[in-house]
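*Asks:* The following block contains the structure, expressed as structure tokens.
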Amino acid sequence: MAGTSSEASLGARVLRTRTESELALRRAELDLAQVQQETAGVRRGVLELRQRLLRQQLAELDELVSRAQSKLGERSETELALLIESLEQQRIAATDAPAALLAQAERNVLLGNEYIEANQQLGALRVETAELARTRERLEQSLRDTESRLALGAVGEAVGSMLLRERQRLPVPQVLQRRVQALRTQGVEIRLRLFDLGDELSQIDARRHALHAELVDGEDNETAHLQFAQSIDPLMQTRTDLLRRLDTTLRRLTERIEQAEVNVDRQLADSLQLKALLDRQLFWIPSHRSVDLGWLGAQAAGWGDLLKPDRITTALSLTASRIGDQLLLSLTVIALLALLYVAQRRAARALPTLAPQLRRIHQDRYLLTWQALGWTLIAALPWAGITWTAGLLLQSAGEPGKYTHSLGTALAALAGSVGLFTFLRWLVIDKGLAHCHFRWTRARREALARAIPPAAAVLLPAQFLSTLALIRGQDLAIDTAGRSLLMLFAVVGGGLLWWLLAPGRLWSPRGGVHEPVRLRQALRIGLLALLLLVMLLTLRGYVFTAGVLVRCLWQTGGVMLLVAILYGLLGRWFLLGERRLALRRAEARREAALEAGEDASDGELPPEAEAEQLDIQSIGAQTQRLVRAVAATAMVLLLFWVWADILPALQRLDEIALWSFSDKASDGSAIIGFVSLRAALLGVALLVLTVVAARNLPGLIEIGLLSRISIDAPSRYAITSVARYAIVIVGVLFGLSFLGMRWSQLQWMAAALTVGLGFGLQEIFANFVSGLILLFERPFRVGDIITIGEFTGRVTRIRTRATTILDFDNKEVVIPNKAFITDRLTNWTLSDTMTRVIIKVGVAYGSDAALVHRLLLQAAGECSYVARDPGPHSWFLAFGTSSFDFELRVFVPSIDQRLLAQSDLHDRISRLFTEHDIAIAFPQMDLHVRELPLAAISPAAPKPGTEGGAPVPSSSSGQQGATGR
């Protein structure tokens with residue numbers, strides 16, 4: 001027992017000791033972690049210094065490699081120079097030789113020059129490959145560093161400034177893509193050249209034998225023959241050596257091209273990945289400090305750095321030197337600009353001359369609008385051309401990265417905005433494109449004409465200076481001058497937009513058309529709020545975000561102008577067609593009035609004046625919808641392209657979770673998902689777009705596509721209805737999926753809805769299914785005349801639940817779709833619009849039946865509503881109680897002409913029967929009154945046949961006639 005207790009106490013002590021040791025170890029680890037956390041900044045600095053040292057050592061090694069390659073290049077150049085010298089000596093020695101030998105020597109010289117060029121390309125590509133590798137490594141390191149900093153949650157202005165500098169150093173993706181394409185093209189050319197070299201190398205021996213044979217045939221002197229034959233082998237040996245060297249060099253060049261292509265591809269992929277990461281983060285991180293007194297104090301230094309007088313003087317002197325060096329080219333450019341100025345003056349005279357032709361419908365052509373657009377563009381070119389030319393001149397005069405080159409780049413970028421303002425100024429002149437062709441109101445043109453000069457005077461210099469600051473990349477200039485210019489743009493732009501969108505200015509409709517007040521007010525307030533947001537972001541230090549928004553707003557203005565021009569061109573095209581149609585109708589009415597003997601000039605405008613009164617609001621509603629749909633589609637696509645730079649930043653909204661939902665994985669296990677703010681916004685936007693598309697897209701399909709192919713109108717209606725249903729179903733499903741409702745949840749909702757349909761909604765569901773059957777089976781179509789029950793009329797709409805019929809009393813009758821499936825339906829125009837009309841005629845006994853047949857057929861032949869094929873028929877059907885019963889059976893081409901045909905035939909038959917003394921029978925009745933029996937006469941009454949004792953006739957007969965139909 002004692003041994004057992006001692007063992008137990010020993011185990012307890014061992015366990016306690018172990019626990020204390022583990023506890024001490026954990027405390028030591030905790031102390032170590034605390035020390036590491038306290039010294040993390042120091043150790044990070046040490047690691048950064050070590051990284052900087054390694055990079056410096058790597059740069060020194062790269063410099064040594066470059067020197068070694070330079071030495072090798074100098075040695076190779078010496079060897080290549082000796083090679084070319086020997087080849088030239090061979091060519092000179094073969095000058096007195098036959099032409100075949102001289103051609104081979106010259107061919108060797110060409111191969112030698114090609115070999116030298118290939119070596120030079122190889123050396124340049126070697127240097128480029130090394131530089132590409134270093135750039136790719138720097139991009140990869142920048143990507144890793146950026147991801148590490150962002151993973152730590154750093155979102156301050158220091159991180160934003162660093163990210164902004166990284167983005168400014170990124171290569172242009174288009175330049176890298178062009179370089180990749182150039183390398184691929186060069187590689188393909190070299191591979192093809194290798195095939196040619198292989199063929200030429202394989203034919204060396206055959207060429208040697210051919211030269212010997214040619215010398216034998218062409219040289220009579222045996223001594224000369226031996227002398228020239230001895231020079232063939234050295235030439236061919238040199239050829240073989242050159243071909244092999246060139247082949248080896250080109251293969252090495254191909255390998256270098258492939259390496260360079262891989263490096264450029266990786267560099268492009270890394271730069272795009274880094275750009276996407278920076279764009280996604282920079283939009284939400286301040287890139288500079290907030291505005292304070294220190295920022296105000298740095299204004300002088302920032303503006304002074306951006307606009308140093310000595311730099312501007314140097315730029316002007318370099319430009320003057322450049323002009324002097326290329327005087328001929330400069331004079332040519334000046335002459336071209338002078339021609340543009342002359343063309344502008346001619347445009348100012350040509351535009352008013354086009355306006356009178358538009359008022360004369362017989363002279364109006366759509367080509368006149370294109371001419372006016374061309375003259376307007378020509379008038380806008382001079383100032384934009386001068387700005388662009390000055391920018392190119394400054395770029396050519398300076399070196400990339402220097403102030404002169406940056407100044408030229410900013411001027412070249414300003415040329416588009418100068419052209420935009422100038423074009424807008426010429427657009428709104430009197431008798432110009434907007435006035436006479438697009439029919440813009442005077443209030444709109446005057447508002448734009450008043451707004452253009454101050455806007456150009458403020459916004460163009462602001463754009464130039466802000467672009468110059470961004471190109472220079474100096475943080476001080478961007479922080480001071482660039483930020484000040486962004487705030488100036490926000491203030492001036494907000495004021496101009498607020499003034500332009502006031503009532504009766506930019507948004508002033510023509511001809512009493514109702515103005516969309518709510519839309520105008522929403523745009524007025526929304527744009528002002530957006531520019532105020534730009535101002536607030538700029539003050540808070542979000543300079544990059546504000547700059548992106550300002551650039552997108554600026555480009556949006558250009559997009560709106562482009563869409564307005566497109567809308568005007570389409571409206572002008574359709575309006576011209578409507579004017580010509582109105583002219584033809586007016587001329588037809590005038591000719592009809594003249595034929596009727598009326599004075600067509602009383603109370604009626606001439607046809608030309610009537611056509612000239614039409615404007616853009618006079619075209620049909622369907623055409624207006626088409627024009628608006630095309631303009632809206634173009635605007636949406638262009639705005640998506642303009643605001644595409646912000647799309648990567650919206651991915652940050654995925655990090656904001658709004659609510660969760662449950663779903664099932666492919667293996668059946670339950671998973672929990674989250675609906676982010678971005679998904680919710682996309683879902684709501686998709687549902688809104690579904691509603692808009694369901695209203696407009698089917699009509700656009702019908703007008704733009706289906707009306708141009710051989711499909712009748714009812715079929716187009718069925719297709720557009722089904723398209724509308726498909727748009728709604730697909731849009732709702734995808735919109736709800738973004739909001740977290742998956743099909744696994746929607747199917748239970750569908751099941752519950754099905755049960756509900758089986759009880760309370762069965763009639764609605766039956767009508768819906770009947771509507772789908774009507775659209776696909778098509779027992780009637782929109783526009784058909786049908787009879788169902790007691791209703792007869794024309795089908796105007798086939799909806800989901802019911803169909804609308806317009807009867808002949810102009811009443812709209814709404815009939816549930818189920819009735820058309822279950823009840824008897826008569827369609828008067830399903831396959832053929834021709835119907836038969838029966839005219840029943842009864843003539844008196846004794847009439848000439850042959851004459852009646854002839855007169856009935858004559859009446860049918862004289863009626864313009866009666867079809868000729870099949871022709872009319874007359875039938876003698878029966879001997880009636882008081883008449884001969886005839887029927888005239890005719891066919892009319894259209895259901896609309898039935899009553900007209902019946903009325904006209906009745907009138908003609910009555911007139912013809914009257915002229916030929918044929919009586920139309922009417923019902924007759926003979927009444928016979930007989931004497932009464934004597935027993936029926938009372939004694940007090942007078943005797944029958946007497947009146948007061950006087951006798952009266954014993955019987956009488958009379959006739960009573962009545963006709964009725």
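Labeling convention for the structure tokens: chains A, B, ... as they appear, residues from 1 per chain, ligands from 1 in order of appearance.
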If we count only C-alpha atoms and set the cut-off at 10 Å, which residues sit around Val814 of chain A, ignoring sequence neighbours fewer than 5 positions away in its own chain? Please answer as a list in words.

*Replies:* Arg797, Ile798, Arg801, Ala802, Thr803, Thr804, Ile805 and Leu806 of chain A

*Asks:* Excluding Thr376 of chain A and any residue of its chain fewer than 4 positions from it, enumerate the residues within 9 Å of it, using only C-alpha atoms, and give them as a list in words.

*Replies:* Gln344, Ala347, Ala348, Leu351, Gln371, Ala372, Ala380, Leu381, Phe423, Leu424, Trp426, Leu427, Gly432 and Leu433 of chain A

*Asks:* Find the residues near segment 518-530 of chain A: any atom within 7 Å, counting only C-alpha atoms, skip ones fewer than 2 places away on the same chain, and give them as a PyMOL selection string.

*Replies:* chain A and resi 494+497-498+501+516+532-534

*Asks:* In Å, rounded to a single decimal, give me how far atom CA of Asp233 of chain A is from atom CA of His209 of chain A.

*Replies:* 10.1 Å

*Asks:* Mind checking DSSP for segment 474-586 of chain A and telling me the helix (DSSP H, G or I) residues as a PyMOL selection string?

*Replies:* chain A and resi 475-500+517-540+543-586

*Asks:* Can I get the selected residues back with C-alpha atoms, as a compact mmCIF listing (two decimals), in the first residue's frame?

*Replies:*
# COMPACT_ATOMS: atom_id res chain seq x y z
CA ASP A 475 2.34 65.40 -55.70
CA LEU A 476 2.60 69.05 -54.61
CA ALA A 477 1.09 70.35 -57.84
CA ILE A 478 -1.67 67.74 -57.78
CA ASP A 479 -2.47 68.48 -54.14
CA THR A 480 -2.66 72.25 -54.59
CA ALA A 481 -3.32 73.25 -58.20
CA GLY A 482 -5.07 70.05 -59.23
CA ARG A 483 -7.39 70.10 -56.24
CA SER A 484 -8.19 73.79 -56.67
CA LEU A 485 -9.09 73.23 -60.31
CA LEU A 486 -11.37 70.31 -59.41
CA MET A 487 -13.25 72.52 -56.97
CA LEU A 488 -13.45 75.25 -59.61
CA PHE A 489 -14.94 72.75 -62.07
CA ALA A 490 -17.50 71.63 -59.49
CA VAL A 491 -18.58 75.19 -58.69
CA VAL A 492 -18.76 76.47 -62.27
CA GLY A 493 -20.24 73.26 -63.67
CA GLY A 494 -22.89 73.10 -60.97
CA GLY A 495 -23.87 76.72 -61.55
CA LEU A 496 -24.11 76.30 -65.32
CA LEU A 497 -26.16 73.12 -65.08
CA TRP A 498 -28.50 74.67 -62.51
CA TRP A 499 -29.03 77.66 -64.82
CA LEU A 500 -29.42 75.58 -68.01
CA VAL A 517 -41.12 68.53 -65.26
CA ARG A 518 -40.23 65.78 -62.81
CA LEU A 519 -37.42 64.43 -64.98
CA ARG A 520 -36.00 67.90 -65.51
CA GLN A 521 -36.17 68.67 -61.80
CA ALA A 522 -34.61 65.31 -60.92
CA LEU A 523 -31.72 65.94 -63.31
CA ARG A 524 -31.29 69.49 -62.05
CA ILE A 525 -31.12 68.46 -58.41
CA GLY A 526 -29.22 65.21 -59.06
CA LEU A 527 -26.43 66.78 -61.12
CA LEU A 528 -26.03 69.62 -58.64
CA ALA A 529 -25.86 67.12 -55.79
CA LEU A 530 -23.25 65.09 -57.67
CA LEU A 531 -21.06 68.15 -58.22
CA LEU A 532 -21.46 69.13 -54.57
CA LEU A 533 -20.31 65.61 -53.72
CA VAL A 534 -17.26 66.19 -55.92
CA MET A 535 -16.55 69.38 -53.99
CA LEU A 536 -16.90 67.60 -50.64
CA LEU A 537 -14.69 64.70 -51.72
CA THR A 538 -12.02 67.12 -52.94
CA LEU A 539 -12.04 68.94 -49.62
CA ARG A 540 -11.79 65.67 -47.69
CA VAL A 543 -8.71 63.84 -55.04
CA PHE A 544 -8.41 60.72 -57.19
CA THR A 545 -12.10 59.88 -56.69
CA ALA A 546 -13.15 63.44 -57.51
CA GLY A 547 -10.93 63.45 -60.60
CA VAL A 548 -12.50 60.23 -61.89
CA LEU A 549 -16.01 61.62 -61.35
CA VAL A 550 -15.14 64.90 -63.06
CA ARG A 551 -13.66 63.10 -66.06
CA CYS A 552 -16.72 60.89 -66.36
CA LEU A 553 -19.05 63.90 -66.09
CA TRP A 554 -17.06 65.74 -68.73
CA GLN A 555 -17.27 62.78 -71.10
CA THR A 556 -20.96 62.39 -70.27
CA GLY A 557 -21.53 65.89 -71.64
CA GLY A 558 -19.93 64.85 -74.92
CA VAL A 559 -22.07 61.70 -74.98
CA MET A 560 -25.25 63.72 -74.47
CA LEU A 561 -24.32 66.01 -77.34
CA LEU A 562 -23.60 63.01 -79.57
CA VAL A 563 -26.94 61.41 -78.68
CA ALA A 564 -28.72 64.72 -79.34
CA ILE A 565 -27.14 64.84 -82.80
CA LEU A 566 -28.18 61.22 -83.44
CA TYR A 567 -31.73 61.96 -82.28
CA GLY A 568 -31.87 65.02 -84.52
CA LEU A 569 -30.64 63.07 -87.55
CA LEU A 570 -33.16 60.27 -87.04
CA GLY A 571 -35.98 62.70 -86.38
CA ARG A 572 -35.08 64.70 -89.46
CA TRP A 573 -35.11 61.53 -91.59
CA PHE A 574 -38.56 60.46 -90.41
CA LEU A 575 -39.87 64.01 -90.53
CA LEU A 576 -38.86 64.36 -94.16
CA GLY A 577 -40.80 61.20 -94.97
CA GLU A 578 -43.85 62.52 -93.11
CA ARG A 579 -43.66 65.84 -94.97
CA ARG A 580 -43.57 64.10 -98.33
CA LEU A 581 -46.50 61.91 -97.33
CA ALA A 582 -48.43 64.98 -96.17
CA LEU A 583 -47.67 66.67 -99.49
CA ARG A 584 -49.02 63.72 -101.47
CA ARG A 585 -52.17 63.63 -99.34
CA ALA A 586 -52.74 67.37 -99.72

*Asks:* So the first atom is atom CA of Arg695 of chain A and the second is atom CA of Arg778 of chain A; what is the distance between them in Å, to one decimal place?

*Replies:*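 Interatomic distance here is 22.9 Å.
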
*Asks:* Pick the closest to Arg472 of chain A from A:Leu736, A:Ala449, A:Ile646, A:Leu307: which is it, counting only C-alpha atoms?

*Replies:*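 Nearest to Arg472 of chain A: A:Leu307.
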
*Asks:* Out of A:Leu243, A:Gly187, A:Leu10, A:Val688, which residue has the shortest atom-to-atom distance to Gln203 of chain A when counting only C-alpha atoms?

*Replies:* A:Leu243

*Asks:* Quick one, how far is atom CA of Leu242 of chain A from atom CA of Gln120 of chain A?

*Replies:*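 Atom-to-atom, atom CA of Leu242 of chain A to atom CA of Gln120 of chain A, that is 15.8 Å.
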
*Asks:* Between A:Leu268, A:Leu393, A:Val691, A:Ala276, which one has atoms that come closest to Ala320 of chain A, using only C-alpha atoms?

*Replies:* A:Leu393
